[in-house]
Structure formats: C-alpha cells, structure tokens
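Colleague: Pasting work18.txt below, which is compact mmCIF, C-alpha atoms and all ligand atoms.
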# COMPACT_ATOMS: atom_id res chain seq x y z
CA MET A 123 4.05 -18.10 -17.81
CA SER A 124 4.18 -14.74 -16.02
CA THR A 125 4.06 -12.66 -19.24
CA LEU A 126 0.66 -14.09 -20.19
CA PRO A 127 -1.45 -12.14 -17.64
CA ILE A 128 0.42 -8.91 -18.51
CA THR A 129 -0.39 -9.16 -22.26
CA SER A 130 -4.02 -9.90 -21.53
CA ILE A 131 -4.17 -6.88 -19.21
CA LEU A 132 -2.57 -4.64 -21.84
CA HIS A 133 -4.93 -6.09 -24.41
CA SER A 134 -7.98 -5.26 -22.34
CA LEU A 135 -6.53 -1.83 -21.57
CA GLN A 136 -6.32 -1.06 -25.32
CA HIS A 137 -9.92 -2.17 -25.83
CA GLN A 138 -11.24 0.01 -23.07
CA ARG A 139 -9.03 3.05 -23.83
CA LYS A 140 -11.90 5.09 -25.30
CA SER A 141 -14.21 4.67 -22.35
CA LEU A 142 -11.21 5.00 -19.92
CA ASN A 143 -13.11 3.42 -17.15
CA HIS A 144 -11.60 4.18 -13.72
CA ARG A 145 -12.58 0.80 -12.41
CA ALA A 146 -10.81 -1.04 -15.20
CA THR A 147 -7.65 0.99 -14.61
CA SER A 148 -7.51 0.22 -10.91
CA LEU A 149 -8.26 -3.44 -11.63
CA ALA A 150 -5.37 -3.52 -14.08
CA LEU A 151 -3.08 -1.84 -11.53
CA ILE A 152 -4.01 -4.37 -8.87
CA SER A 153 -3.41 -7.21 -11.34
CA LEU A 154 0.00 -5.76 -12.19
CA ILE A 155 0.91 -5.60 -8.49
CA VAL A 156 -0.21 -9.21 -8.01
CA VAL A 157 1.85 -10.31 -11.03
CA SER A 158 4.91 -8.44 -9.72
CA PHE A 159 4.55 -10.08 -6.33
CA TYR A 160 4.24 -13.44 -8.05
CA ILE A 161 7.46 -12.85 -10.00
CA PHE A 162 9.39 -11.63 -6.96
CA PHE A 163 8.37 -14.15 -4.32
CA VAL A 164 7.22 -17.29 -6.11
CA ALA A 165 8.94 -17.46 -9.49
CA ARG A 166 12.29 -16.12 -8.24
CA PRO A 167 13.59 -19.26 -6.46
CA SER A 168 13.01 -21.32 -9.61
CA LEU A 169 14.83 -18.64 -11.63
CA ASP A 170 17.75 -18.95 -9.21
CA LEU A 171 17.72 -22.71 -9.60
CA ALA A 172 18.62 -22.56 -13.31
CA PRO A 173 22.19 -21.24 -13.04
CA ILE A 174 22.94 -23.62 -10.10
CA ALA A 175 21.76 -26.60 -12.10
CA LEU A 176 23.90 -25.45 -15.03
CA ARG A 177 26.94 -25.06 -12.79
CA THR A 178 26.53 -28.51 -11.21
CA ASP A 179 26.18 -29.97 -14.66
CA ALA A 180 29.34 -28.23 -15.85
CA LEU A 181 31.30 -29.41 -12.77
CA GLY A 182 30.04 -32.93 -13.28
CA HIS A 183 31.35 -32.88 -16.87
CA ALA A 184 34.67 -31.48 -15.71
CA GLY A 185 34.99 -34.52 -13.42
CA THR A 186 35.44 -32.65 -10.08
CA HIS A 187 33.62 -35.26 -8.03
CA GLY A 188 34.04 -33.63 -4.60
CA SER A 189 32.29 -30.37 -5.36
CA HIS A 190 29.62 -32.19 -7.33
CA GLN A 191 28.80 -34.24 -4.24
CA GLN A 192 28.75 -31.10 -2.09
CA ASP A 193 26.26 -29.37 -4.37
CA ARG A 194 23.99 -32.38 -4.33
CA ASP A 195 23.93 -32.51 -0.51
CA ASP A 196 22.93 -28.85 -0.25
CA PRO A 197 19.22 -28.32 0.24
CA PRO A 198 17.50 -26.79 -2.80
CA PRO A 199 17.39 -22.93 -2.74
CA SER A 200 13.62 -22.88 -2.12
CA SER A 201 13.95 -24.77 1.18
CA ARG A 202 16.99 -22.70 2.20
CA LEU A 203 14.69 -19.70 1.85
CA PHE A 204 12.38 -21.03 4.58
CA ARG A 205 15.20 -22.29 6.84
CA LEU A 206 13.89 -25.83 7.08
CA PRO A 207 15.94 -28.36 9.08
CA SER A 208 18.61 -30.31 7.21
CA ASN A 209 17.51 -33.22 5.04
CA SER A 210 18.58 -35.90 7.52
CA GLN A 211 16.93 -34.16 10.51
CA ARG A 212 13.72 -33.74 8.56
CA LYS A 213 13.68 -37.40 7.51
CA THR A 214 13.89 -38.68 11.14
CA VAL A 215 11.17 -36.36 12.43
CA VAL A 216 8.82 -37.12 9.54
CA SER A 217 9.46 -40.86 9.60
CA ASN A 218 8.70 -41.15 13.36
CA LEU A 219 5.53 -39.07 13.01
CA ASN A 220 4.37 -41.23 10.12
CA ARG A 221 5.20 -44.49 11.85
CA PRO A 222 2.32 -46.21 13.63
CA GLN A 223 2.64 -46.81 17.37
CA ILE A 224 3.96 -50.16 18.49
CA GLU A 225 1.22 -52.77 19.04
CA LEU A 226 1.22 -54.90 22.19
CA ASP A 227 -0.07 -58.43 22.48
CA GLU A 228 -1.77 -59.33 25.77
CA SER A 229 1.34 -60.62 27.55
CA GLN A 230 3.31 -57.53 26.49
CA GLU A 231 0.43 -55.32 27.61
CA LEU A 232 0.40 -57.07 31.01
CA ALA A 233 4.17 -56.59 31.35
CA ALA A 234 3.92 -52.91 30.39
CA VAL A 235 1.10 -52.28 32.88
CA ALA A 236 2.92 -54.21 35.64
CA ALA A 237 6.19 -52.36 35.00
CA PHE A 238 4.35 -49.03 35.04
CA ILE A 239 2.51 -49.53 38.34
CA ALA A 240 5.55 -51.18 40.00
CA ALA A 241 7.89 -48.34 39.02
CA LEU A 242 6.33 -45.76 41.34
CA PRO A 243 3.58 -46.04 43.96
CA GLN A 244 1.90 -42.95 42.49
CA ASN A 245 1.75 -44.41 38.96
CA MET A 246 -1.97 -44.86 38.29
CA ILE A 247 -3.75 -46.17 35.19
CA PRO A 248 -5.88 -43.22 33.95
CA ARG A 249 -9.51 -43.82 34.84
CA SER A 250 -10.52 -42.51 31.40
CA ILE A 251 -9.30 -45.65 29.61
CA ASP A 252 -11.59 -48.46 28.49
CA PRO A 253 -10.17 -51.58 30.21
CA ALA A 254 -11.93 -53.80 27.64
CA LYS A 255 -9.75 -52.39 24.85
CA PRO A 256 -5.96 -52.52 24.35
CA ILE A 257 -4.35 -49.74 26.38
CA ASP A 258 -2.63 -46.86 24.54
CA PRO A 259 1.06 -47.92 24.76
CA GLN A 260 2.11 -44.28 25.34
CA LEU A 261 0.29 -44.28 28.71
CA VAL A 262 2.43 -47.01 30.26
CA LEU A 263 5.71 -47.00 28.29
CA ASP A 264 8.30 -44.27 28.90
CA PHE A 265 9.97 -44.41 25.46
CA ASP A 266 8.96 -43.17 21.99
CA THR A 267 6.41 -45.81 21.00
CA ARG A 268 6.80 -44.80 17.32
CA SER A 269 10.57 -45.15 17.24
CA PRO A 270 12.10 -47.89 15.04
CA ARG A 271 13.70 -49.21 18.26
CA ALA A 272 10.36 -49.45 20.12
CA ALA A 273 10.04 -53.24 19.64
CA ASP A 274 13.51 -53.81 21.15
CA GLU A 275 12.81 -51.50 24.08
CA LEU A 276 9.51 -53.26 24.74
CA ASN A 277 11.21 -56.70 24.78
CA GLN A 278 13.70 -55.30 27.27
CA ILE A 279 10.90 -54.08 29.56
CA VAL A 280 9.10 -57.44 29.39
CA GLN A 281 12.31 -59.26 30.37
CA ASP A 282 13.24 -56.78 33.11
CA VAL A 283 9.88 -56.64 34.85
CA TRP A 284 9.54 -60.43 35.35
CA SER A 285 13.14 -60.90 36.41
CA ARG A 286 12.85 -58.06 38.90
CA TYR A 287 9.42 -59.26 40.13
CA PRO A 288 9.25 -63.04 39.58
CA VAL A 289 6.25 -63.19 41.94
CA MET A 290 3.56 -60.54 41.71
CA LEU A 291 0.41 -60.58 43.81
CA PHE A 292 -2.77 -58.61 43.21
CA THR A 293 -4.83 -58.87 46.37
CA LYS A 294 -7.74 -57.27 48.17
CA ALA A 295 -7.26 -55.68 51.59
CA HIS A 296 -9.92 -57.42 53.69
CA ASN A 297 -10.27 -60.75 51.99
CA ALA A 298 -9.67 -64.28 53.32
CA HIS A 299 -8.28 -65.70 50.06
CA SER A 300 -5.87 -62.79 49.72
CA ARG A 301 -4.62 -63.41 53.27
CA GLU A 302 -4.16 -67.10 52.49
CA ILE A 303 -2.06 -66.39 49.40
CA ARG A 304 0.06 -63.87 51.28
CA ARG A 305 0.67 -66.48 53.98
CA ILE A 306 1.67 -69.20 51.45
CA ILE A 307 4.17 -66.81 49.87
CA ALA A 308 5.42 -65.25 53.13
CA VAL A 309 6.71 -68.56 54.56
CA MET A 310 8.81 -69.05 51.41
CA ASP A 311 10.86 -65.96 52.31
CA LEU A 312 11.52 -65.11 48.67
CA GLN A 313 14.40 -63.12 47.24
CA PRO A 314 13.50 -60.89 45.45
CA PRO A 315 10.47 -60.45 47.71
CA PRO A 316 7.02 -60.69 46.11
CA MET A 317 5.60 -57.47 44.69
CA THR A 318 2.16 -57.04 46.21
CA PHE A 319 -0.55 -54.61 45.14
CA GLU A 320 -3.63 -54.16 47.26
CA VAL A 321 -5.66 -53.45 44.18
CA ASP A 322 -8.93 -52.42 45.83
CA GLN A 323 -7.10 -49.74 47.85
CA ARG A 324 -5.79 -48.03 44.73
CA GLU A 325 -7.24 -44.93 43.07
CA ASP A 326 -7.28 -46.74 39.72
CA SER A 327 -8.99 -49.93 41.02
CA GLU A 328 -12.04 -49.30 38.80
CA VAL A 329 -9.96 -49.73 35.63
CA LEU A 330 -7.00 -51.76 36.89
CA ILE A 331 -9.11 -54.71 38.13
CA PRO A 332 -11.00 -55.29 34.84
CA LEU A 333 -7.77 -54.64 32.91
CA LEU A 334 -5.98 -57.38 34.89
CA HIS A 335 -8.89 -59.77 34.36
CA ARG A 336 -8.81 -59.21 30.58
CA LEU A 337 -5.03 -59.65 30.37
CA THR A 338 -4.89 -62.80 32.54
CA SER A 339 -8.24 -64.39 31.60
CA SER A 340 -9.10 -64.36 35.31
CA THR A 341 -12.42 -63.43 36.83
CA ASP A 342 -11.55 -62.89 40.45
CA LEU A 343 -8.96 -61.61 42.90
CA PRO A 344 -6.51 -62.53 44.37
CA LEU A 345 -4.30 -63.01 41.34
CA MET A 346 -0.79 -64.44 41.41
CA LEU A 347 1.66 -63.95 38.55
CA ILE A 348 4.76 -66.13 38.45
CA GLY A 349 7.17 -65.04 35.73
CA GLY A 350 4.35 -62.94 34.27
CA LYS A 351 1.84 -65.82 34.07
CA SER A 352 -1.27 -66.27 36.15
CA VAL A 353 -1.25 -69.51 38.13
CA GLY A 354 -5.03 -69.63 38.45
CA SER A 355 -7.65 -69.46 41.16
CA ILE A 356 -7.13 -69.86 44.91
CA ALA A 357 -8.06 -73.55 44.60
CA ALA A 358 -5.37 -74.08 41.97
CA ILE A 359 -2.80 -72.20 44.05
CA ARG A 360 -3.60 -74.34 47.12
CA GLU A 361 -3.08 -77.48 45.07
CA LEU A 362 0.18 -76.19 43.56
CA ASN A 363 1.41 -75.38 47.08
CA GLU A 364 0.52 -78.80 48.51
CA SER A 365 2.19 -80.67 45.63
CA GLY A 366 5.37 -78.58 45.81
CA GLU A 367 4.79 -77.45 42.23
CA LEU A 368 4.50 -73.82 43.37
CA HIS A 369 8.09 -73.92 44.69
CA ARG A 370 9.30 -75.26 41.36
CA LEU A 371 7.46 -72.57 39.35
CA ILE A 372 8.77 -69.78 41.57
CA THR A 373 12.36 -71.06 41.44
CA ASN A 374 12.16 -71.39 37.64
CA ALA A 375 11.00 -67.77 37.45
CA GLY A 376 14.25 -66.70 39.16
CA ALA A 377 13.30 -66.18 42.80
CA VAL A 378 15.31 -67.81 45.60
CA LEU A 379 13.47 -69.59 48.42
CA ASP A 380 14.56 -68.82 52.00
CA GLY A 381 16.42 -65.88 50.51
CA ARG A 382 17.17 -64.05 53.76
CA LYS A 383 18.43 -67.17 55.59
CA LYS A 384 20.71 -67.97 52.66
CA LYS A 385 22.01 -64.41 52.70
CA LYS A 386 22.81 -64.64 56.45
CA VAL A 387 24.79 -67.87 55.91
CA HIS A 388 27.05 -66.11 53.38
C1 LIG B 401 1.71 -74.91 51.52
O1 LIG B 401 2.25 -76.20 51.35
C2 LIG B 401 3.06 -76.65 52.42
C3 LIG B 401 3.56 -78.03 52.05
O2 LIG B 401 4.27 -77.97 50.86
C4 LIG B 401 2.26 -76.69 53.71
O3 LIG B 401 3.10 -77.04 54.79
C5 LIG B 401 1.65 -75.32 53.97
O4 LIG B 401 0.81 -75.36 55.10
C6 LIG B 401 0.87 -74.84 52.78
N1 LIG B 401 0.41 -73.52 53.04
C7 LIG B 401 -0.87 -73.19 53.16
C8 LIG B 401 -1.14 -71.79 53.55
O5 LIG B 401 -1.75 -73.97 52.95
Translate this file's structure into structure tokens.
Modeller:
Amino acid sequence: MSTLPITSILHSLQHQRKSLNHRATSLALISLIVVSFYIFFVARPSLDLAPIALRTDALGHAGTHGSHQQDRDDPPPSSRLFRLPSNSQRKTVVSNLNRPQIELDESQELAAVAAFIAALPQNMIPRSIDPAKPIDPQLVLDFDTRSPRAADELNQIVQDVWSRYPVMLFTKAHNAHSREIRRIIAVMDLQPPPMTFEVDQREDSEVLIPLLHRLTSSTDLPLMLIGGKSVGSIAAIRELNESGELHRLITNAGAVLDGRKKKKVH
C-alpha cells in the first residue's frame, strides 16, 4: 500500500526530468516526507502486530494455554501506544455514558422531589425548570442516574422517604385552611412528626407549587401526603378526620399516634 505513492512519484520524476521543474521536485520531496511519516507513525503498529499474532498462534498450537490467555487479555499494541485505560475500565465508562438516564413515573418523581427538599432546608428546585415537564432526575437524585443500579437506588429512596416522613404537609403561611390542617395533625402528636413545608415562603415556590400540583393532580394548597399519596382537598381531609379514617391512614403509613406520650410511658 505504501509503495504505490513512491512509484508514482518516481514515475512522474522520470517524465519531468528534462524540464527539471523546481516545483515538481519540491512537491515530490514533500510527498516523500508525508509517505515516510505515514510509514513510521501509522503503518508501524500494524507491522508490529504481525509477529505478535504469529507468536500467539504458535503458542496456541503448542498447547500452552496460560500464556495464550495472557496474550489475549493484553490490549492490542495500537491502544498501548496511546495509553488508553484497560479494557474493563473502558467498558464501564463507555457503557454508563451510553446508557440513558433513569426515567421516573409521577409517584417516583414526587418521592425524589420530596426526598430532595426534605434532605436539607437549603435544597431548592432550580427555578429554570419547566414544572409542566418531567424533572431531570439528576437535579434531585444524588446517585449516578445512568448507572445499571439506578433503578434499585431509586426504589430505595422511594421507600425511605415515605417511611421517614409518613405525613408530609405543604402549606401556605397565612392561610386559614393551612392552619386547620396543621391543627388536625398537631393534636395527633405523631411520631415521626409531620414534615411541613411552608411552600409560599420558599425561594423555589414559583416552580415547586405547580410541580406538586402536577405530581399529585391537585389544584390548591394545602396539600397533605400520607405515605406519599395526596388525601385530597381540605373538605376531604375534614371528612376523613371526622370519620376516624385519617387516623387509620396515618397509622398504616407507619406513624404512631400520641407518639410522645407513649415514649414517656416507656
Ligand atoms: C378531627 O376529628 C376529631 C374527631 O375524630 C375531632 O374531635 C376534631 O375536632 C377534628 N379536628 C378538627 C380540626 O376539625
């Protein structure tokens, strides 16, 4: 392959010998340099490959299985030249980059958002997001959302957040219905205590409120989540409280009523 350009250059040199054009000579010289560079830096690794392949073949025939295996695990000489990471390292990096991000359904998205804002008071949903669209999982999940283990880690977060916060309240600061809900819950003296967010006092209220409405099919605040599920409007919550159903739901979600009194008895 590499001898072909040389013969054509020599051929053209013979043809132009009489005129001995300076330009043709320098062109030929440049071509020769390019061909030499090609042979040294590009064709060389493949030339090196030939004897290695022959040797592996010979070893294979001789039946020395150990060394045969070793040769096969070595990266090819061309990649050794560029000091690429080992085959296994490269596979993990490439496979995670090529993997799509984990997709969240609405209940998983709600759990991820709740876990994120409950983890630290300064955790805010970026105001640049579109609350009408599914949130980028990377914004609210603290693990590699492209990892093969992402689905397991997400399930763990969903379980953890609702067992840690069986009752979650999203209220407004100066609002009669919010006060009423807080009062209903306060007299229950729950353990763990309810996690309450005064949503309209938060920096991210502009995006968090519509996000919560999309994820819970609600249209108004206050919002009460029991075991990660919205229990409906203030009218529904009042009814659930009067009938005793609210106690049952909260107990089923893992909270203990009169938690502090029970603790004192022990
Ligand atoms: C909730 O229901 C209980 C009866 O189960 C009632 O005594 C209480 O007043 C109700 N709370 C509110 C705020 O309506």
Colleague: Near Ala308 of chain A, counting all atoms listed in the file, which residues have an atom at most 12 Å away, once you skip same-chain residues fewer than 5 positions from it, shown as JSON, numbers by chain?
Modeller: {"A": [289, 291, 301, 302, 303, 313, 314, 315, 316, 317, 318, 379, 380, 381, 382]}
Colleague: Could you tell me how far atom CA of Ser300 of chain A lies from atom CA of Arg324 of chain A, in Å and to one decimal?
Modeller: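 Atom CA of Arg324 of chain A lies at a distance of 15.6 Å from atom CA of Ser300 of chain A.
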Colleague: Give me, as a compact mmCIF listing (two decimals) with C-alpha atoms, keeping the file's coordinate frame, all polymer residues having an atom no more than 9 Å from segment 241-255 of chain A, counting all atoms listed in the file and skipping those fewer than 2 positions away in the same chain.
Modeller:
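Final file, out-v3.txt:
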# COMPACT_ATOMS: atom_id res chain seq x y z
CA VAL A 235 1.10 -52.28 32.88
CA ALA A 236 2.92 -54.21 35.64
CA ALA A 237 6.19 -52.36 35.00
CA PHE A 238 4.35 -49.03 35.04
CA ILE A 239 2.51 -49.53 38.34
CA ILE A 257 -4.35 -49.74 26.38
CA ASP A 258 -2.63 -46.86 24.54
CA LEU A 261 0.29 -44.28 28.71
CA VAL A 262 2.43 -47.01 30.26
CA ARG A 324 -5.79 -48.03 44.73
CA GLU A 325 -7.24 -44.93 43.07
CA ASP A 326 -7.28 -46.74 39.72
CA SER A 327 -8.99 -49.93 41.02
CA GLU A 328 -12.04 -49.30 38.80
CA VAL A 329 -9.96 -49.73 35.63
CA LEU A 330 -7.00 -51.76 36.89
CA ILE A 331 -9.11 -54.71 38.13
CA PRO A 332 -11.00 -55.29 34.84
CA LEU A 333 -7.77 -54.64 32.91
CA LEU A 334 -5.98 -57.38 34.89
CA ARG A 336 -8.81 -59.21 30.58
Colleague: Per residue of chain A within 6 Å of ligand LIG 401 (chain B), what are the shortest atom pair and its distance in Å to one decimal, counting all atoms listed in the file, with rows by chain and residue number, as CSV?
Modeller:
residue,atom,partner,partner_atom,distance
A:Glu302,CA,B:LIG401,C8,5.7
A:Arg305,CA,B:LIG401,C8,5.6
A:Ile306,CA,B:LIG401,C8,4.4
A:Asn363,CA,B:LIG401,O1,4.4
A:Glu364,CA,B:LIG401,O1,4.2
A:Gly366,CA,B:LIG401,O2,5.2
Colleague: How many Å lie between atom CA of Ala240 of chain A and atom CA of Arg370 of chain A, rounded to one decimal?
Modeller: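 Computing it gives 24.4 Å between the two atoms.
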Colleague: In Å, rounded to a single decimal, give me how far atom CA of Ser365 of chain A is from atom CA of Leu232 of chain A.
Modeller: 27.8 Å
Colleague: Taking the point (8.8, -48.5, 17.4) as given in the file, collect each protein or nucleic acid residue that comes within 8 Å of it, counting all atoms listed in the file, and present the set as a PyMOL selection string.
Modeller: chain A and resi 221-224+266-273
Colleague: Do you know which residues lie at most 12 Å from (-10.5, -65.6, 35.8), with coordinates as in the file and all atoms listed in the file counted, and could you write them as a list in words?
Modeller: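 These residues have at least one counted atom within 12 Å: Ile331, Pro332, Leu333, Leu334, His335, Arg336, Leu337, Thr338, Ser339, Ser340, Thr341, Asp342, Leu343, Pro344, Leu345, Met346, Ser352, Val353, Gly354, Ser355, Ile356 and Ala358 of chain A.
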Colleague: Looking at A:Met310, A:Leu347, A:Ala234, A:Leu151, which one is nearest to Pro256 of chain A, with distances taken over all atoms listed in the file?
Modeller: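 Ranked by minimum distance to Pro256 of chain A, first place goes to A:Ala234.
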Colleague: Leaving out segment 372-377 of chain A and any residue of its chain fewer than 4 positions from it, which residues lie within 8 Å of it when counting all atoms listed in the file, given as a short mmCIF file (atom, residue, chain, number, x, y, z; two decimals) with C-alpha atoms, keeping the file's coordinate frame?
Modeller:
data_model
loop_
_atom_site.label_atom_id
_atom_site.label_comp_id
_atom_site.auth_asym_id
_atom_site.auth_seq_id
_atom_site.Cartn_x
_atom_site.Cartn_y
_atom_site.Cartn_z
CA TRP A 284 9.54 -60.43 35.35
CA SER A 285 13.14 -60.90 36.41
CA PRO A 288 9.25 -63.04 39.58
CA VAL A 289 6.25 -63.19 41.94
CA LEU A 312 11.52 -65.11 48.67
CA GLN A 313 14.40 -63.12 47.24
CA PRO A 314 13.50 -60.89 45.45
CA ILE A 348 4.76 -66.13 38.45
CA GLY A 349 7.17 -65.04 35.73
CA LEU A 368 4.50 -73.82 43.37
#
Colleague: If I only have part of segment 300-323 of chain A, can you fill in N, CA, C and O atoms and write it as a PDB file, in the coordinates of the input?
Modeller:
ATOM      1  N   SER A 300      -7.077 -63.612  49.882  1.00  0.00           N
ATOM      2  CA  SER A 300      -5.870 -62.790  49.720  1.00  0.00           C
ATOM      3  C   SER A 300      -4.904 -63.041  50.875  1.00  0.00           C
ATOM      4  O   SER A 300      -3.693 -63.177  50.673  1.00  0.00           O
ATOM      5  N   ARG A 301      -5.466 -63.133  52.096  1.00  0.00           N
ATOM      6  CA  ARG A 301      -4.620 -63.410  53.270  1.00  0.00           C
ATOM      7  C   ARG A 301      -3.937 -64.767  53.130  1.00  0.00           C
ATOM      8  O   ARG A 301      -2.757 -64.917  53.436  1.00  0.00           O
ATOM      9  N   GLU A 302      -4.691 -65.750  52.642  1.00  0.00           N
ATOM     10  CA  GLU A 302      -4.160 -67.100  52.490  1.00  0.00           C
ATOM     11  C   GLU A 302      -2.973 -67.120  51.513  1.00  0.00           C
ATOM     12  O   GLU A 302      -1.932 -67.717  51.800  1.00  0.00           O
ATOM     13  N   ILE A 303      -3.144 -66.448  50.404  1.00  0.00           N
ATOM     14  CA  ILE A 303      -2.060 -66.390  49.400  1.00  0.00           C
ATOM     15  C   ILE A 303      -0.839 -65.688  49.976  1.00  0.00           C
ATOM     16  O   ILE A 303       0.295 -66.142  49.799  1.00  0.00           O
ATOM     17  N   ARG A 304      -1.071 -64.598  50.671  1.00  0.00           N
ATOM     18  CA  ARG A 304       0.060 -63.870  51.280  1.00  0.00           C
ATOM     19  C   ARG A 304       0.819 -64.753  52.264  1.00  0.00           C
ATOM     20  O   ARG A 304       2.043 -64.708  52.338  1.00  0.00           O
ATOM     21  N   ARG A 305       0.053 -65.593  52.990  1.00  0.00           N
ATOM     22  CA  ARG A 305       0.670 -66.480  53.980  1.00  0.00           C
ATOM     23  C   ARG A 305       1.514 -67.562  53.270  1.00  0.00           C
ATOM     24  O   ARG A 305       2.638 -67.844  53.677  1.00  0.00           O
ATOM     25  N   ILE A 306       0.944 -68.165  52.213  1.00  0.00           N
ATOM     26  CA  ILE A 306       1.670 -69.200  51.450  1.00  0.00           C
ATOM     27  C   ILE A 306       3.012 -68.649  50.973  1.00  0.00           C
ATOM     28  O   ILE A 306       4.050 -69.302  51.085  1.00  0.00           O
ATOM     29  N   ILE A 307       2.960 -67.410  50.460  1.00  0.00           N
ATOM     30  CA  ILE A 307       4.170 -66.810  49.870  1.00  0.00           C
ATOM     31  C   ILE A 307       5.142 -66.348  50.969  1.00  0.00           C
ATOM     32  O   ILE A 307       6.353 -66.516  50.849  1.00  0.00           O
ATOM     33  N   ALA A 308       4.568 -65.820  52.077  1.00  0.00           N
ATOM     34  CA  ALA A 308       5.420 -65.250  53.130  1.00  0.00           C
ATOM     35  C   ALA A 308       6.372 -66.303  53.722  1.00  0.00           C
ATOM     36  O   ALA A 308       7.543 -66.014  53.952  1.00  0.00           O
ATOM     37  N   VAL A 309       5.849 -67.537  53.932  1.00  0.00           N
ATOM     38  CA  VAL A 309       6.710 -68.560  54.560  1.00  0.00           C
ATOM     39  C   VAL A 309       7.855 -68.985  53.641  1.00  0.00           C
ATOM     40  O   VAL A 309       8.835 -69.571  54.100  1.00  0.00           O
ATOM     41  N   MET A 310       7.743 -68.679  52.352  1.00  0.00           N
ATOM     42  CA  MET A 310       8.810 -69.050  51.410  1.00  0.00           C
ATOM     43  C   MET A 310      10.017 -68.109  51.535  1.00  0.00           C
ATOM     44  O   MET A 310      11.101 -68.459  51.099  1.00  0.00           O
ATOM     45  N   ASP A 311       9.782 -66.933  52.114  1.00  0.00           N
ATOM     46  CA  ASP A 311      10.860 -65.960  52.310  1.00  0.00           C
ATOM     47  C   ASP A 311      11.665 -65.738  51.020  1.00  0.00           C
ATOM     48  O   ASP A 311      12.858 -66.027  50.937  1.00  0.00           O
ATOM     49  N   LEU A 312      10.952 -65.203  50.016  1.00  0.00           N
ATOM     50  CA  LEU A 312      11.520 -65.110  48.670  1.00  0.00           C
ATOM     51  C   LEU A 312      12.481 -63.937  48.503  1.00  0.00           C
ATOM     52  O   LEU A 312      12.315 -62.885  49.111  1.00  0.00           O
ATOM     53  N   GLN A 313      13.492 -64.173  47.693  1.00  0.00           N
ATOM     54  CA  GLN A 313      14.400 -63.120  47.240  1.00  0.00           C
ATOM     55  C   GLN A 313      14.452 -63.149  45.710  1.00  0.00           C
ATOM     56  O   GLN A 313      14.821 -64.173  45.171  1.00  0.00           O
ATOM     57  N   PRO A 314      14.092 -62.129  44.950  1.00  0.00           N
ATOM     58  CA  PRO A 314      13.500 -60.890  45.450  1.00  0.00           C
ATOM     59  C   PRO A 314      12.129 -61.124  46.080  1.00  0.00           C
ATOM     60  O   PRO A 314      11.450 -62.071  45.699  1.00  0.00           O
ATOM     61  N   PRO A 315      11.760 -60.277  47.063  1.00  0.00           N
ATOM     62  CA  PRO A 315      10.470 -60.450  47.710  1.00  0.00           C
ATOM     63  C   PRO A 315       9.316 -60.264  46.732  1.00  0.00           C
ATOM     64  O   PRO A 315       9.486 -59.601  45.711  1.00  0.00           O
ATOM     65  N   PRO A 316       8.150 -60.862  47.026  1.00  0.00           N
ATOM     66  CA  PRO A 316       7.020 -60.690  46.110  1.00  0.00           C
ATOM     67  C   PRO A 316       6.570 -59.232  46.040  1.00  0.00           C
ATOM     68  O   PRO A 316       6.663 -58.510  47.032  1.00  0.00           O
ATOM     69  N   MET A 317       6.147 -58.815  44.863  1.00  0.00           N
ATOM     70  CA  MET A 317       5.600 -57.470  44.690  1.00  0.00           C
ATOM     71  C   MET A 317       4.100 -57.583  44.876  1.00  0.00           C
ATOM     72  O   MET A 317       3.438 -58.286  44.132  1.00  0.00           O
ATOM     73  N   THR A 318       3.588 -56.911  45.908  1.00  0.00           N
ATOM     74  CA  THR A 318       2.160 -57.040  46.210  1.00  0.00           C
ATOM     75  C   THR A 318       1.422 -55.725  46.025  1.00  0.00           C
ATOM     76  O   THR A 318       1.885 -54.681  46.502  1.00  0.00           O
ATOM     77  N   PHE A 319       0.321 -55.788  45.309  1.00  0.00           N
ATOM     78  CA  PHE A 319      -0.550 -54.610  45.140  1.00  0.00           C
ATOM     79  C   PHE A 319      -1.880 -54.911  45.802  1.00  0.00           C
ATOM     80  O   PHE A 319      -2.509 -55.923  45.495  1.00  0.00           O
ATOM     81  N   GLU A 320      -2.269 -54.039  46.724  1.00  0.00           N
ATOM     82  CA  GLU A 320      -3.630 -54.160  47.260  1.00  0.00           C
ATOM     83  C   GLU A 320      -4.538 -53.377  46.333  1.00  0.00           C
ATOM     84  O   GLU A 320      -4.738 -52.163  46.495  1.00  0.00           O
ATOM     85  N   VAL A 321      -5.044 -54.091  45.345  1.00  0.00           N
ATOM     86  CA  VAL A 321      -5.660 -53.450  44.180  1.00  0.00           C
ATOM     87  C   VAL A 321      -6.882 -52.608  44.577  1.00  0.00           C
ATOM     88  O   VAL A 321      -7.074 -51.513  44.062  1.00  0.00           O
ATOM     89  N   ASP A 322      -7.689 -53.138  45.506  1.00  0.00           N
ATOM     90  CA  ASP A 322      -8.930 -52.420  45.830  1.00  0.00           C
ATOM     91  C   ASP A 322      -8.681 -51.146  46.634  1.00  0.00           C
ATOM     92  O   ASP A 322      -9.600 -50.349  46.828  1.00  0.00           O
ATOM     93  N   GLN A 323      -7.441 -50.963  47.110  1.00  0.00           N
ATOM     94  CA  GLN A 323      -7.100 -49.740  47.850  1.00  0.00           C
ATOM     95  C   GLN A 323      -6.555 -48.653  46.924  1.00  0.00           C
ATOM     96  O   GLN A 323      -6.241 -47.561  47.379  1.00  0.00           O
TER      97      GLN A 323
END
